[in-house]
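Asks: Have a look at this one.
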Amino acid sequence: MLGMYRLSTSRRPRADARRNYDRLLAEADAAFRERGVDASLESIARRAGVAIGTLYGHFPSRRVLVGALLRERNETLFELGDGLLAHQTPDALATWVRAATAHAATYSGLASLLASGLDDEASELHTSCLRMADIGERLIAWARESGIVRADATGADLTALTTAAAWLREHMSLEGADRLITLTLDGLAPARPTLAGTR
């Protein structure tokens, strides 16, 4: 009987910790949607009903917290990218750019955080940012070889495009972001030869 009592009490803190973890994620998601990724961590802890030390115990930094929130979304995005690379349809590049833009616009300020995470090896977002960049690089390499984009188009162009489009989507409109994507991808297309004597 005593052994059973010890077993039940030893499991309680673990269950409490899991509940705290889940509450913190839920409140962080709500706060970041309302106020962006710079929302106060103290207010998130307060909304979750825990001390700020408990938040830091689970998420030692803001980027760790953001990374935890994006984990499932990252996997969904990566699966899409892998599928686009496998099937290589003519609209693969545009599909990826629009999906990556929507991902980067999940929270206000996230696009800038992801862009900085790409070059910062110490960032908890670095690995996922590299994976996103790699998918973009491979898609644009395929698009170059297929003649869908011009020969000087690069993965860095895609990163700049998704970052700018995500900012537009956050601060202005979905339509404005989509227009930027369309215009930029049109600009990356190879120049069409013109008939002699025509303008």
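Chain labels follow the order of the structure tokens: the first chain is A, the next B, and so on; residue numbering restarts at 1 in every chain, and ligands are counted from 1 in their shown order.
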Report as a list in words all protein, DNA and RNA residues lying within 12 Å of Ala45 of chain A, evaluated on only C-alpha atoms, omitting residues in the same chain fewer than 3 positions from it.

Replies: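 Near Ala45 of chain A, the qualifying residues are Asn20, Tyr21, Asp22, Arg23, Leu24, Leu25, Ala26, Glu27, Ala28, Ala31, Ala39, Ser40, Leu41, Glu42, Ala48, Gly49, Val50, Ala51, Ile52, Gly53, Thr54, Leu55, Tyr56, Gly57, His58, Phe59 and Leu65 of chain A.
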
Asks: Hey, what's within 8 Å of segment 92-109 of chain A if we count only C-alpha atoms and toss same-chain stuff fewer than 6 positions away? As a ChimeraX atom specification, please?

Replies: /A:32-33,35-38,73,77,80-81,84-85,136,139-140,143,158,161-163,165-167,169-170,178,181,185

Asks: Any idea what the distance is between atom CA of Asp186 of chain A and atom CA of His126 of chain A?

Replies: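 Going from atom CA of Asp186 of chain A over to atom CA of His126 of chain A, I get 30.0 Å.
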
Asks: Kindly indicate which residue among A:Thr184, A:Arg63, A:Trp142, A:Asp29 lies nearest to Arg47 of chain A, using only C-alpha atoms for the distances.

Replies: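 When distances to Arg47 of chain A are compared using only C-alpha atoms, the smallest one comes from A:Asp29.
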
Asks: To one decimal place, how far is atom CA of Glu79 of chain A from atom CA of Leu125 of chain A in Å?

Replies: 17.8 Å

Asks: Quick check, in Å to one decimal: how far apart do atom CA of Glu145 of chain A and atom CA of Thr159 of chain A lie?

Replies: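 That distance, rounded to one decimal, is 19.5 Å.
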
Asks: Can you tell me, as JSON, numbers by chain, which residues in chain A count as helix (DSSP H, G or I) by DSSP?

Replies: {"A": [2, 3, 4, 5, 6, 7, 8, 9, 10, 11, 12, 13, 14, 15, 16, 17, 18, 19, 20, 21, 22, 23, 24, 25, 26, 27, 28, 29, 30, 31, 32, 33, 34, 35, 41, 42, 43, 44, 45, 46, 47, 48, 52, 53, 54, 55, 56, 57, 58, 62, 63, 64, 65, 66, 67, 68, 69, 70, 71, 72, 73, 74, 75, 76, 77, 78, 79, 80, 81, 82, 83, 84, 85, 86, 87, 92, 93, 94, 95, 96, 97, 98, 99, 100, 101, 102, 103, 104, 110, 111, 112, 113, 114, 115, 116, 117, 118, 119, 126, 127, 128, 129, 130, 131, 132, 133, 134, 135, 136, 137, 138, 139, 140, 141, 142, 143, 144, 145, 155, 156, 157, 158, 159, 160, 161, 162, 163, 164, 165, 166, 167, 168, 169, 170, 171, 174, 175, 176, 177, 178, 179, 180, 181, 182, 183, 184, 185, 186, 187, 188]}
